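K.L.:
My structure is stored as my_file.tsv, with TSV, N, CA and C atoms.
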chain	number	residue	atom	x	y	z
W	1435	MET	N	-8.40	-12.87	55.00
W	1435	MET	CA	-8.19	-12.47	53.61
W	1435	MET	C	-8.78	-13.50	52.66
W	1436	VAL	N	-8.58	-14.77	52.97
W	1436	VAL	CA	-9.08	-15.84	52.12
W	1436	VAL	C	-10.61	-15.81	52.10
W	1437	ASN	N	-11.21	-15.48	53.25
W	1437	ASN	CA	-12.67	-15.42	53.32
W	1437	ASN	C	-13.23	-14.34	52.40
W	1438	ILE	N	-12.57	-13.21	52.34
W	1438	ILE	CA	-13.04	-12.11	51.49
W	1438	ILE	C	-12.94	-12.50	50.02
W	1439	ILE	N	-11.85	-13.10	49.62
W	1439	ILE	CA	-11.68	-13.53	48.23
W	1439	ILE	C	-12.70	-14.61	47.89
W	1440	LEU	N	-12.89	-15.57	48.78
W	1440	LEU	CA	-13.86	-16.64	48.55
W	1440	LEU	C	-15.27	-16.07	48.43
W	1441	GLU	N	-15.60	-15.10	49.28
W	1441	GLU	CA	-16.91	-14.46	49.21
W	1441	GLU	C	-17.09	-13.73	47.87
W	1442	GLY	N	-16.06	-13.07	47.39
W	1442	GLY	CA	-16.12	-12.38	46.10
W	1442	GLY	C	-16.31	-13.34	44.95
W	1443	VAL	N	-15.60	-14.45	44.99
W	1443	VAL	CA	-15.72	-15.45	43.93
W	1443	VAL	C	-17.11	-16.07	43.94
W	1444	LEU	N	-17.63	-16.37	45.11
W	1444	LEU	CA	-18.97	-16.95	45.21
W	1444	LEU	C	-20.03	-15.95	44.75
W	1445	PHE	N	-19.85	-14.67	45.05
W	1445	PHE	CA	-20.80	-13.67	44.60
W	1445	PHE	C	-20.81	-13.57	43.08
W	1446	VAL	N	-19.65	-13.58	42.46
W	1446	VAL	CA	-19.57	-13.53	41.00
W	1446	VAL	C	-20.21	-14.78	40.40
W	1447	ALA	N	-20.00	-15.94	41.01
W	1447	ALA	CA	-20.62	-17.17	40.53
W	1447	ALA	C	-22.13	-17.10	40.67
W	1448	LEU	N	-22.63	-16.52	41.76
W	1448	LEU	CA	-24.07	-16.36	41.95
W	1448	LEU	C	-24.67	-15.44	40.90
W	1449	VAL	N	-24.02	-14.33	40.63
W	1449	VAL	CA	-24.52	-13.40	39.61
W	1449	VAL	C	-24.53	-14.06	38.24
W	1450	ALA	N	-23.49	-14.80	37.90
W	1450	ALA	CA	-23.43	-15.48	36.61
W	1450	ALA	C	-24.52	-16.55	36.51
W	1451	THR	N	-24.78	-17.26	37.59
W	1451	THR	CA	-25.83	-18.29	37.58
W	1451	THR	C	-27.21	-17.67	37.41
W	1452	VAL	N	-27.47	-16.58	38.11
W	1452	VAL	CA	-28.76	-15.90	37.98
W	1452	VAL	C	-28.94	-15.36	36.56
W	1453	ALA	N	-27.88	-14.80	35.99
W	1453	ALA	CA	-27.97	-14.28	34.62
W	1453	ALA	C	-28.22	-15.41	33.63
W	1454	ALA	N	-27.56	-16.55	33.82
W	1454	ALA	CA	-27.75	-17.68	32.91
W	1454	ALA	C	-29.16	-18.24	33.03
W	1455	LEU	N	-29.70	-18.34	34.24
W	1455	LEU	CA	-31.06	-18.81	34.42
W	1455	LEU	C	-32.08	-17.84	33.84
W	1456	PHE	N	-31.82	-16.55	33.98
W	1456	PHE	CA	-32.70	-15.55	33.38
W	1456	PHE	C	-32.70	-15.66	31.86
W	1457	TYR	N	-31.51	-15.81	31.27
W	1457	TYR	CA	-31.41	-15.95	29.82
W	1457	TYR	C	-32.11	-17.22	29.35
W	1458	TRP	N	-31.90	-18.33	30.05
W	1458	TRP	CA	-32.54	-19.59	29.69
W	1458	TRP	C	-34.05	-19.47	29.79
W	1459	GLY	N	-34.54	-18.88	30.88
W	1459	GLY	CA	-35.98	-18.70	31.05
W	1459	GLY	C	-36.57	-17.81	29.97
W	1460	MET	N	-35.87	-16.74	29.63
W	1460	MET	CA	-36.35	-15.84	28.58
W	1460	MET	C	-36.37	-16.56	27.23
W	1461	LEU	N	-35.38	-17.40	27.00
W	1461	LEU	CA	-35.27	-18.07	25.71
W	1461	LEU	C	-36.34	-19.14	25.53
W	1462	TYR	N	-36.77	-19.80	26.60
W	1462	TYR	CA	-37.69	-20.92	26.47
W	1462	TYR	C	-39.12	-20.65	26.94
W	1463	PHE	N	-39.37	-19.53	27.60
W	1463	PHE	CA	-40.70	-19.31	28.14
W	1463	PHE	C	-41.34	-17.99	27.72
W	1464	THR	N	-40.77	-17.28	26.76
W	1464	THR	CA	-41.35	-16.01	26.32
W	1464	THR	C	-41.52	-16.02	24.80
W	1465	PRO	N	-42.41	-15.19	24.29
W	1465	PRO	CA	-42.56	-15.09	22.83
W	1465	PRO	C	-41.28	-14.59	22.14
W	1466	LEU	N	-40.54	-13.72	22.81
W	1466	LEU	CA	-39.27	-13.26	22.24
W	1466	LEU	C	-38.29	-14.42	22.07
W	1467	GLY	N	-38.22	-15.28	23.07
W	1467	GLY	CA	-37.35	-16.45	22.98
W	1467	GLY	C	-37.79	-17.40	21.87
W	1468	HIS	N	-39.10	-17.54	21.71
W	1468	HIS	CA	-39.62	-18.38	20.63
W	1468	HIS	C	-39.19	-17.82	19.27
W	1469	ARG	N	-39.26	-16.52	19.13
W	1469	ARG	CA	-38.85	-15.89	17.87
W	1469	ARG	C	-37.35	-16.06	17.64
W	1470	ILE	N	-36.56	-15.92	18.68
W	1470	ILE	CA	-35.10	-16.10	18.56
W	1470	ILE	C	-34.78	-17.52	18.14
W	1471	ARG	N	-35.44	-18.52	18.76
W	1471	ARG	CA	-35.20	-19.92	18.39
W	1471	ARG	C	-35.62	-20.20	16.96
W	1472	GLU	N	-36.76	-19.63	16.52
W	1472	GLU	CA	-37.19	-19.82	15.13
W	1472	GLU	C	-36.20	-19.21	14.15
W	1473	THR	N	-35.67	-18.03	14.48
W	1473	THR	CA	-34.70	-17.37	13.61
W	1473	THR	C	-33.43	-18.20	13.49
W	1474	ARG	N	-32.93	-18.72	14.62
W	1474	ARG	CA	-31.73	-19.56	14.59
W	1474	ARG	C	-31.96	-20.82	13.77
W	1475	ASN	N	-33.12	-21.43	13.95
W	1475	ASN	CA	-33.46	-22.64	13.21
W	1475	ASN	C	-33.54	-22.35	11.72
W	1476	ARG	N	-34.17	-21.24	11.36
W	1476	ARG	CA	-34.29	-20.86	9.95
W	1476	ARG	C	-32.91	-20.61	9.34
W	1477	GLN	N	-32.02	-19.95	10.08
W	1477	GLN	CA	-30.66	-19.70	9.57
W	1477	GLN	C	-29.90	-21.01	9.38
W	1478	ARG	N	-30.07	-21.96	10.32
W	1478	ARG	CA	-29.39	-23.25	10.19
W	1478	ARG	C	-29.90	-24.01	8.97
W	1479	ILE	N	-31.22	-23.97	8.73
W	1479	ILE	CA	-31.80	-24.64	7.56
W	1479	ILE	C	-31.33	-23.97	6.27
W	1480	ASP	N	-31.26	-22.64	6.25
W	1480	ASP	CA	-30.80	-21.93	5.06
W	1480	ASP	C	-29.34	-22.25	4.75
W	1481	ARG	N	-28.49	-22.33	5.79
W	1481	ARG	CA	-27.08	-22.69	5.56
W	1481	ARG	C	-26.97	-24.10	4.99
W	1482	ALA	N	-27.77	-25.03	5.51
W	1482	ALA	CA	-27.74	-26.41	5.01
W	1482	ALA	C	-28.24	-26.46	3.57
W	1483	ALA	N	-29.26	-25.66	3.25
W	1483	ALA	CA	-29.79	-25.64	1.88
W	1483	ALA	C	-28.77	-25.03	0.92
W	1484	ASP	N	-28.01	-24.03	1.38
W	1484	ASP	CA	-26.99	-23.43	0.52
W	1484	ASP	C	-25.86	-24.39	0.21
W	1485	LEU	N	-25.64	-25.37	1.07
W	1485	LEU	CA	-24.55	-26.33	0.87
W	1485	LEU	C	-25.00	-27.59	0.14
W	1486	THR	N	-26.25	-27.61	-0.32
W	1486	THR	CA	-26.78	-28.80	-0.99
W	1486	THR	C	-27.08	-28.49	-2.44
W	1487	CYS	N	-26.47	-29.25	-3.33
W	1487	CYS	CA	-26.74	-29.14	-4.76
W	1487	CYS	C	-27.94	-30.04	-5.08
W	1488	PRO	N	-28.94	-29.56	-5.82
W	1488	PRO	CA	-30.09	-30.41	-6.11
W	1488	PRO	C	-29.75	-31.62	-6.98
W	1489	ILE	N	-28.63	-31.57	-7.68
W	1489	ILE	CA	-28.25	-32.66	-8.56
W	1489	ILE	C	-27.26	-33.61	-7.89
W	1490	HIS	N	-26.24	-33.05	-7.23
W	1490	HIS	CA	-25.13	-33.86	-6.72
W	1490	HIS	C	-25.14	-34.04	-5.21
W	1491	GLY	N	-26.05	-33.45	-4.49
W	1491	GLY	CA	-26.14	-33.65	-3.05
W	1491	GLY	C	-25.37	-32.61	-2.25
W	1492	GLY	N	-25.09	-32.94	-1.00
W	1492	GLY	CA	-24.47	-31.99	-0.07
W	1492	GLY	C	-22.96	-31.93	-0.19
W	1493	PHE	N	-22.42	-30.76	0.15
W	1493	PHE	CA	-20.98	-30.53	0.13
W	1493	PHE	C	-20.59	-29.74	1.36
W	1494	ALA	N	-19.33	-29.80	1.74
W	1494	ALA	CA	-18.82	-28.97	2.83
W	1494	ALA	C	-18.67	-27.54	2.31
W	1495	ASP	N	-18.63	-26.60	3.23
W	1495	ASP	CA	-18.58	-25.19	2.86
W	1495	ASP	C	-17.33	-24.86	2.04
W	1496	GLY	N	-16.19	-25.45	2.37
W	1496	GLY	CA	-14.95	-25.16	1.66
W	1496	GLY	C	-14.87	-25.79	0.28
W	1497	GLU	N	-15.73	-26.73	-0.03
W	1497	GLU	CA	-15.68	-27.41	-1.33
W	1497	GLU	C	-16.41	-26.63	-2.42
W	1498	LEU	N	-17.30	-25.74	-2.06
W	1498	LEU	CA	-18.08	-25.03	-3.06
W	1498	LEU	C	-17.23	-24.02	-3.80
W	1499	VAL	N	-17.59	-23.75	-5.05
W	1499	VAL	CA	-16.86	-22.81	-5.90
W	1499	VAL	C	-17.64	-21.50	-5.92
W	1500	ARG	N	-16.95	-20.40	-5.61
W	1500	ARG	CA	-17.59	-19.10	-5.62
W	1500	ARG	C	-17.40	-18.46	-6.99
W	1501	LEU	N	-18.50	-18.08	-7.61
W	1501	LEU	CA	-18.47	-17.44	-8.91
W	1501	LEU	C	-18.20	-15.95	-8.76
W	1502	PRO	N	-17.82	-15.26	-9.85
W	1502	PRO	CA	-17.58	-13.81	-9.77
W	1502	PRO	C	-18.82	-13.02	-9.32
W	1503	THR	N	-20.01	-13.57	-9.52
W	1503	THR	CA	-21.23	-12.89	-9.10
W	1503	THR	C	-21.48	-13.03	-7.60
W	1504	GLY	N	-20.72	-13.89	-6.91
W	1504	GLY	CA	-20.89	-14.11	-5.49
W	1504	GLY	C	-21.66	-15.38	-5.17
W	1505	GLU	N	-22.28	-15.99	-6.17
W	1505	GLU	CA	-23.01	-17.23	-5.94
W	1505	GLU	C	-22.02	-18.37	-5.75
W	1506	ARG	N	-22.49	-19.43	-5.11
W	1506	ARG	CA	-21.66	-20.62	-4.91
W	1506	ARG	C	-22.35	-21.80	-5.58
W	1507	ILE	N	-21.55	-22.62	-6.28
W	1507	ILE	CA	-22.07	-23.82	-6.90
W	1507	ILE	C	-21.16	-24.98	-6.51
W	1508	CYS	N	-21.67	-26.19	-6.68
W	1508	CYS	CA	-20.88	-27.35	-6.30
W	1508	CYS	C	-19.75	-27.55	-7.33
W	1509	PRO	N	-18.66	-28.19	-6.94
W	1509	PRO	CA	-17.53	-28.35	-7.85
W	1509	PRO	C	-17.86	-29.20	-9.07
W	1510	GLN	N	-18.74	-30.17	-8.92
W	1510	GLN	CA	-19.10	-31.02	-10.07
W	1510	GLN	C	-19.89	-30.22	-11.10
W	1511	CYS	N	-20.82	-29.39	-10.66
W	1511	CYS	CA	-21.56	-28.53	-11.60
W	1511	CYS	C	-20.61	-27.57	-12.29
W	1512	TYR	N	-19.63	-27.05	-11.54
W	1512	TYR	CA	-18.66	-26.13	-12.11
W	1512	TYR	C	-17.83	-26.82	-13.19
W	1513	LYS	N	-17.38	-28.05	-12.92
W	1513	LYS	CA	-16.62	-28.81	-13.91
W	1513	LYS	C	-17.46	-29.09	-15.15
W	1514	GLU	N	-18.73	-29.45	-14.93
W	1514	GLU	CA	-19.59	-29.74	-16.07
W	1514	GLU	C	-19.83	-28.49	-16.90
W	1515	THR	N	-19.94	-27.35	-16.26
W	1515	THR	CA	-20.18	-26.10	-16.98
W	1515	THR	C	-18.93	-25.66	-17.74
W	1516	MET	N	-17.77	-25.77	-17.09
W	1516	MET	CA	-16.53	-25.28	-17.70
W	1516	MET	C	-15.96	-26.23	-18.75
W	1517	TYR	N	-16.04	-27.53	-18.50
W	1517	TYR	CA	-15.34	-28.49	-19.35
W	1517	TYR	C	-16.25	-29.44	-20.12
W	1518	GLY	N	-17.54	-29.24	-20.03
W	1518	GLY	CA	-18.46	-30.10	-20.76
W	1518	GLY	C	-19.21	-31.01	-19.81
W	1519	ASN	N	-20.11	-31.82	-20.37
W	1519	ASN	CA	-21.01	-32.64	-19.56
W	1519	ASN	C	-20.33	-33.78	-18.83
W	1520	ASP	N	-19.20	-34.28	-19.32
W	1520	ASP	CA	-18.58	-35.43	-18.66
W	1520	ASP	C	-17.70	-35.02	-17.47
W	1521	GLY	N	-17.39	-33.74	-17.28
W	1521	GLY	CA	-16.63	-33.27	-16.14
W	1521	GLY	C	-15.16	-33.62	-16.18
W	1522	GLN	N	-14.62	-34.00	-17.34
W	1522	GLN	CA	-13.21	-34.37	-17.43
W	1522	GLN	C	-12.41	-33.31	-18.13
Could you spell out this file's structure in structure tokens?

P.N.:
Amino acid sequence: MVNIILEGVLFVALVATVAALFYWGMLYFTPLGHRIRETRNRQRIDRAADLTCPIHGGFADGELVRLPTGERICPQCYKETMYGNDGQ
């Protein structure tokens, strides 16, 4: 009985390993994988650019203020806009 269970577990591990190697090979050695990597890289750069204020620098995602229009601005720009240039 133990042999049958062990054989089943090893077969599932073999199938998972082959699938992972196939995915890795497709991701790094095909034009489709190149396109997927470029898309992920572009999305990561866009997220980082959305979190960076050109005046005050970078902020964490939770620190940004969401406007009624859906845009996000840094908290310092929001303070300067709402309360004047000194932000107080």

K.L.:
Please, what distance in Å, to one decimal, runs between CA of Ala1483 in chain W and CA of Arg1506 in chain W?

P.N.:
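About the pair CA of Ala1483 in chain W and CA of Arg1506 in chain W: they are 11.7 Å apart.
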
K.L.:
Within chain W, find each residue whose DSSP state, derived from the backbone, is strand (DSSP E or B), and express the selection as a ChimeraX atom specification.

P.N.:
/W:1486-1487,1491-1492,1499-1500,1506-1507

K.L.:
What's the separation between CA of Arg1478 in chain W and CA of Ala1453 in chain W, in Å to one decimal place?

P.N.:
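The value is 26.1 Å.
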
K.L.:
In chain W, what's alpha helix (DSSP H) per DSSP? Answer as a VMD selection string?

P.N.:
chain W and resid 1436 to 1463 1465 to 1484 1509 to 1517

K.L.:
When you draw a straight line from CA of Tyr1512 in chain W to atom N of Arg1500 in chain W, how long is it in Å?

P.N.:
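For CA of Tyr1512 in chain W relative to atom N of Arg1500 in chain W, the distance reads 8.8 Å.
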
K.L.:
Counting only C-alpha atoms, figure out which residue out of W:Tyr1457, W:Glu1472, W:Ala1447, W:Gln1510 gets nearest to Ile1489 in chain W.

P.N.:
W:Gln1510

K.L.:
Would you mind exporting range 1449-1486 of chain W with N, CA, C and O atoms, as a PDB file, in the first residue's frame?

P.N.:
ATOM      1  N   VAL W1449       5.186  15.238 -12.794  1.00  0.00           N
ATOM      2  CA  VAL W1449       4.344  16.054 -13.670  1.00  0.00           C
ATOM      3  C   VAL W1449       4.511  17.533 -13.344  1.00  0.00           C
ATOM      4  O   VAL W1449       4.626  18.375 -14.241  1.00  0.00           O
ATOM      5  N   ALA W1450       4.557  17.882 -12.076  1.00  0.00           N
ATOM      6  CA  ALA W1450       4.739  19.283 -11.674  1.00  0.00           C
ATOM      7  C   ALA W1450       6.108  19.800 -12.110  1.00  0.00           C
ATOM      8  O   ALA W1450       6.233  20.940 -12.579  1.00  0.00           O
ATOM      9  N   THR W1451       7.137  18.975 -12.007  1.00  0.00           N
ATOM     10  CA  THR W1451       8.477  19.388 -12.420  1.00  0.00           C
ATOM     11  C   THR W1451       8.551  19.603 -13.925  1.00  0.00           C
ATOM     12  O   THR W1451       9.114  20.596 -14.394  1.00  0.00           O
ATOM     13  N   VAL W1452       7.952  18.709 -14.687  1.00  0.00           N
ATOM     14  CA  VAL W1452       7.947  18.859 -16.148  1.00  0.00           C
ATOM     15  C   VAL W1452       7.169  20.111 -16.546  1.00  0.00           C
ATOM     16  O   VAL W1452       7.602  20.869 -17.417  1.00  0.00           O
ATOM     17  N   ALA W1453       6.044  20.365 -15.896  1.00  0.00           N
ATOM     18  CA  ALA W1453       5.257  21.565 -16.208  1.00  0.00           C
ATOM     19  C   ALA W1453       6.046  22.825 -15.862  1.00  0.00           C
ATOM     20  O   ALA W1453       6.032  23.799 -16.628  1.00  0.00           O
ATOM     21  N   ALA W1454       6.745  22.824 -14.737  1.00  0.00           N
ATOM     22  CA  ALA W1454       7.534  23.997 -14.346  1.00  0.00           C
ATOM     23  C   ALA W1454       8.682  24.226 -15.314  1.00  0.00           C
ATOM     24  O   ALA W1454       8.965  25.374 -15.698  1.00  0.00           O
ATOM     25  N   LEU W1455       9.360  23.170 -15.742  1.00  0.00           N
ATOM     26  CA  LEU W1455      10.438  23.311 -16.706  1.00  0.00           C
ATOM     27  C   LEU W1455       9.922  23.785 -18.064  1.00  0.00           C
ATOM     28  O   LEU W1455      10.567  24.600 -18.733  1.00  0.00           O
ATOM     29  N   PHE W1456       8.760  23.300 -18.464  1.00  0.00           N
ATOM     30  CA  PHE W1456       8.164  23.757 -19.715  1.00  0.00           C
ATOM     31  C   PHE W1456       7.822  25.248 -19.640  1.00  0.00           C
ATOM     32  O   PHE W1456       8.110  26.006 -20.560  1.00  0.00           O
ATOM     33  N   TYR W1457       7.228  25.671 -18.526  1.00  0.00           N
ATOM     34  CA  TYR W1457       6.884  27.082 -18.346  1.00  0.00           C
ATOM     35  C   TYR W1457       8.143  27.941 -18.346  1.00  0.00           C
ATOM     36  O   TYR W1457       8.196  28.983 -19.005  1.00  0.00           O
ATOM     37  N   TRP W1458       9.175  27.510 -17.631  1.00  0.00           N
ATOM     38  CA  TRP W1458      10.426  28.262 -17.571  1.00  0.00           C
ATOM     39  C   TRP W1458      11.061  28.355 -18.954  1.00  0.00           C
ATOM     40  O   TRP W1458      11.524  29.415 -19.359  1.00  0.00           O
ATOM     41  N   GLY W1459      11.095  27.234 -19.677  1.00  0.00           N
ATOM     42  CA  GLY W1459      11.657  27.243 -21.022  1.00  0.00           C
ATOM     43  C   GLY W1459      10.877  28.149 -21.957  1.00  0.00           C
ATOM     44  O   GLY W1459      11.455  28.877 -22.769  1.00  0.00           O
ATOM     45  N   MET W1460       9.555  28.106 -21.863  1.00  0.00           N
ATOM     46  CA  MET W1460       8.728  28.965 -22.711  1.00  0.00           C
ATOM     47  C   MET W1460       8.958  30.439 -22.361  1.00  0.00           C
ATOM     48  O   MET W1460       9.013  31.295 -23.241  1.00  0.00           O
ATOM     49  N   LEU W1461       9.135  30.720 -21.090  1.00  0.00           N
ATOM     50  CA  LEU W1461       9.283  32.102 -20.657  1.00  0.00           C
ATOM     51  C   LEU W1461      10.626  32.693 -21.067  1.00  0.00           C
ATOM     52  O   LEU W1461      10.718  33.889 -21.348  1.00  0.00           O
ATOM     53  N   TYR W1462      11.683  31.891 -21.133  1.00  0.00           N
ATOM     54  CA  TYR W1462      13.014  32.431 -21.396  1.00  0.00           C
ATOM     55  C   TYR W1462      13.579  32.126 -22.781  1.00  0.00           C
ATOM     56  O   TYR W1462      14.600  32.692 -23.160  1.00  0.00           O
ATOM     57  N   PHE W1463      12.945  31.258 -23.547  1.00  0.00           N
ATOM     58  CA  PHE W1463      13.523  30.882 -24.830  1.00  0.00           C
ATOM     59  C   PHE W1463      12.588  31.049 -26.019  1.00  0.00           C
ATOM     60  O   PHE W1463      12.896  30.555 -27.101  1.00  0.00           O
ATOM     61  N   THR W1464      11.454  31.718 -25.854  1.00  0.00           N
ATOM     62  CA  THR W1464      10.536  31.918 -26.972  1.00  0.00           C
ATOM     63  C   THR W1464      10.188  33.400 -27.100  1.00  0.00           C
ATOM     64  O   THR W1464      10.305  34.161 -26.134  1.00  0.00           O
ATOM     65  N   PRO W1465       9.762  33.814 -28.278  1.00  0.00           N
ATOM     66  CA  PRO W1465       9.328  35.209 -28.444  1.00  0.00           C
ATOM     67  C   PRO W1465       8.128  35.563 -27.559  1.00  0.00           C
ATOM     68  O   PRO W1465       8.020  36.693 -27.078  1.00  0.00           O
ATOM     69  N   LEU W1466       7.244  34.598 -27.336  1.00  0.00           N
ATOM     70  CA  LEU W1466       6.105  34.853 -26.448  1.00  0.00           C
ATOM     71  C   LEU W1466       6.577  35.152 -25.027  1.00  0.00           C
ATOM     72  O   LEU W1466       6.089  36.072 -24.372  1.00  0.00           O
ATOM     73  N   GLY W1467       7.554  34.390 -24.558  1.00  0.00           N
ATOM     74  CA  GLY W1467       8.109  34.634 -23.224  1.00  0.00           C
ATOM     75  C   GLY W1467       8.788  35.989 -23.139  1.00  0.00           C
ATOM     76  O   GLY W1467       8.693  36.684 -22.127  1.00  0.00           O
ATOM     77  N   HIS W1468       9.466  36.376 -24.213  1.00  0.00           N
ATOM     78  CA  HIS W1468      10.108  37.695 -24.249  1.00  0.00           C
ATOM     79  C   HIS W1468       9.055  38.794 -24.128  1.00  0.00           C
ATOM     80  O   HIS W1468       9.231  39.758 -23.385  1.00  0.00           O
ATOM     81  N   ARG W1469       7.949  38.625 -24.817  1.00  0.00           N
ATOM     82  CA  ARG W1469       6.875  39.612 -24.754  1.00  0.00           C
ATOM     83  C   ARG W1469       6.255  39.661 -23.360  1.00  0.00           C
ATOM     84  O   ARG W1469       5.960  40.732 -22.826  1.00  0.00           O
ATOM     85  N   ILE W1470       6.074  38.509 -22.739  1.00  0.00           N
ATOM     86  CA  ILE W1470       5.511  38.456 -21.385  1.00  0.00           C
ATOM     87  C   ILE W1470       6.441  39.160 -20.404  1.00  0.00           C
ATOM     88  O   ILE W1470       5.997  39.941 -19.557  1.00  0.00           O
ATOM     89  N   ARG W1471       7.758  38.903 -20.505  1.00  0.00           N
ATOM     90  CA  ARG W1471       8.718  39.560 -19.609  1.00  0.00           C
ATOM     91  C   ARG W1471       8.738  41.063 -19.828  1.00  0.00           C
ATOM     92  O   ARG W1471       8.804  41.844 -18.862  1.00  0.00           O
ATOM     93  N   GLU W1472       8.663  41.515 -21.096  1.00  0.00           N
ATOM     94  CA  GLU W1472       8.623  42.959 -21.364  1.00  0.00           C
ATOM     95  C   GLU W1472       7.374  43.598 -20.784  1.00  0.00           C
ATOM     96  O   GLU W1472       7.430  44.699 -20.231  1.00  0.00           O
ATOM     97  N   THR W1473       6.239  42.917 -20.896  1.00  0.00           N
ATOM     98  CA  THR W1473       4.987  43.450 -20.355  1.00  0.00           C
ATOM     99  C   THR W1473       5.060  43.575 -18.843  1.00  0.00           C
ATOM    100  O   THR W1473       4.661  44.594 -18.270  1.00  0.00           O
ATOM    101  N   ARG W1474       5.587  42.549 -18.171  1.00  0.00           N
ATOM    102  CA  ARG W1474       5.725  42.606 -16.711  1.00  0.00           C
ATOM    103  C   ARG W1474       6.666  43.729 -16.291  1.00  0.00           C
ATOM    104  O   ARG W1474       6.401  44.449 -15.327  1.00  0.00           O
ATOM    105  N   ASN W1475       7.765  43.880 -17.016  1.00  0.00           N
ATOM    106  CA  ASN W1475       8.729  44.934 -16.713  1.00  0.00           C
ATOM    107  C   ASN W1475       8.091  46.307 -16.908  1.00  0.00           C
ATOM    108  O   ASN W1475       8.260  47.208 -16.087  1.00  0.00           O
ATOM    109  N   ARG W1476       7.349  46.475 -17.995  1.00  0.00           N
ATOM    110  CA  ARG W1476       6.686  47.752 -18.264  1.00  0.00           C
ATOM    111  C   ARG W1476       5.664  48.068 -17.173  1.00  0.00           C
ATOM    112  O   ARG W1476       5.555  49.215 -16.719  1.00  0.00           O
ATOM    113  N   GLN W1477       4.911  47.068 -16.720  1.00  0.00           N
ATOM    114  CA  GLN W1477       3.931  47.293 -15.654  1.00  0.00           C
ATOM    115  C   GLN W1477       4.621  47.680 -14.353  1.00  0.00           C
ATOM    116  O   GLN W1477       4.150  48.569 -13.629  1.00  0.00           O
ATOM    117  N   ARG W1478       5.760  47.041 -14.049  1.00  0.00           N
ATOM    118  CA  ARG W1478       6.498  47.380 -12.827  1.00  0.00           C
ATOM    119  C   ARG W1478       7.027  48.811 -12.891  1.00  0.00           C
ATOM    120  O   ARG W1478       6.951  49.572 -11.919  1.00  0.00           O
ATOM    121  N   ILE W1479       7.526  49.225 -14.063  1.00  0.00           N
ATOM    122  CA  ILE W1479       8.025  50.592 -14.230  1.00  0.00           C
ATOM    123  C   ILE W1479       6.883  51.595 -14.128  1.00  0.00           C
ATOM    124  O   ILE W1479       7.022  52.654 -13.499  1.00  0.00           O
ATOM    125  N   ASP W1480       5.727  51.279 -14.720  1.00  0.00           N
ATOM    126  CA  ASP W1480       4.574  52.180 -14.644  1.00  0.00           C
ATOM    127  C   ASP W1480       4.083  52.339 -13.211  1.00  0.00           C
ATOM    128  O   ASP W1480       3.728  53.444 -12.790  1.00  0.00           O
ATOM    129  N   ARG W1481       4.053  51.242 -12.437  1.00  0.00           N
ATOM    130  CA  ARG W1481       3.640  51.344 -11.028  1.00  0.00           C
ATOM    131  C   ARG W1481       4.609  52.214 -10.244  1.00  0.00           C
ATOM    132  O   ARG W1481       4.198  53.044  -9.421  1.00  0.00           O
ATOM    133  N   ALA W1482       5.905  52.059 -10.495  1.00  0.00           N
ATOM    134  CA  ALA W1482       6.906  52.874  -9.793  1.00  0.00           C
ATOM    135  C   ALA W1482       6.775  54.337 -10.194  1.00  0.00           C
ATOM    136  O   ALA W1482       6.915  55.234  -9.361  1.00  0.00           O
ATOM    137  N   ALA W1483       6.485  54.599 -11.472  1.00  0.00           N
ATOM    138  CA  ALA W1483       6.320  55.982 -11.925  1.00  0.00           C
ATOM    139  C   ALA W1483       5.063  56.607 -11.324  1.00  0.00           C
ATOM    140  O   ALA W1483       5.045  57.800 -11.021  1.00  0.00           O
ATOM    141  N   ASP W1484       4.003  55.810 -11.143  1.00  0.00           N
ATOM    142  CA  ASP W1484       2.780  56.339 -10.536  1.00  0.00           C
ATOM    143  C   ASP W1484       2.982  56.700  -9.073  1.00  0.00           C
ATOM    144  O   ASP W1484       2.261  57.533  -8.532  1.00  0.00           O
ATOM    145  N   LEU W1485       3.945  56.088  -8.418  1.00  0.00           N
ATOM    146  CA  LEU W1485       4.191  56.351  -7.002  1.00  0.00           C
ATOM    147  C   LEU W1485       5.251  57.419  -6.777  1.00  0.00           C
ATOM    148  O   LEU W1485       5.643  57.675  -5.651  1.00  0.00           O
ATOM    149  N   THR W1486       5.710  58.055  -7.849  1.00  0.00           N
ATOM    150  CA  THR W1486       6.767  59.061  -7.731  1.00  0.00           C
ATOM    151  C   THR W1486       6.229  60.425  -8.125  1.00  0.00           C
ATOM    152  O   THR W1486       5.726  60.617  -9.218  1.00  0.00           O
TER     153      THR W1486
END
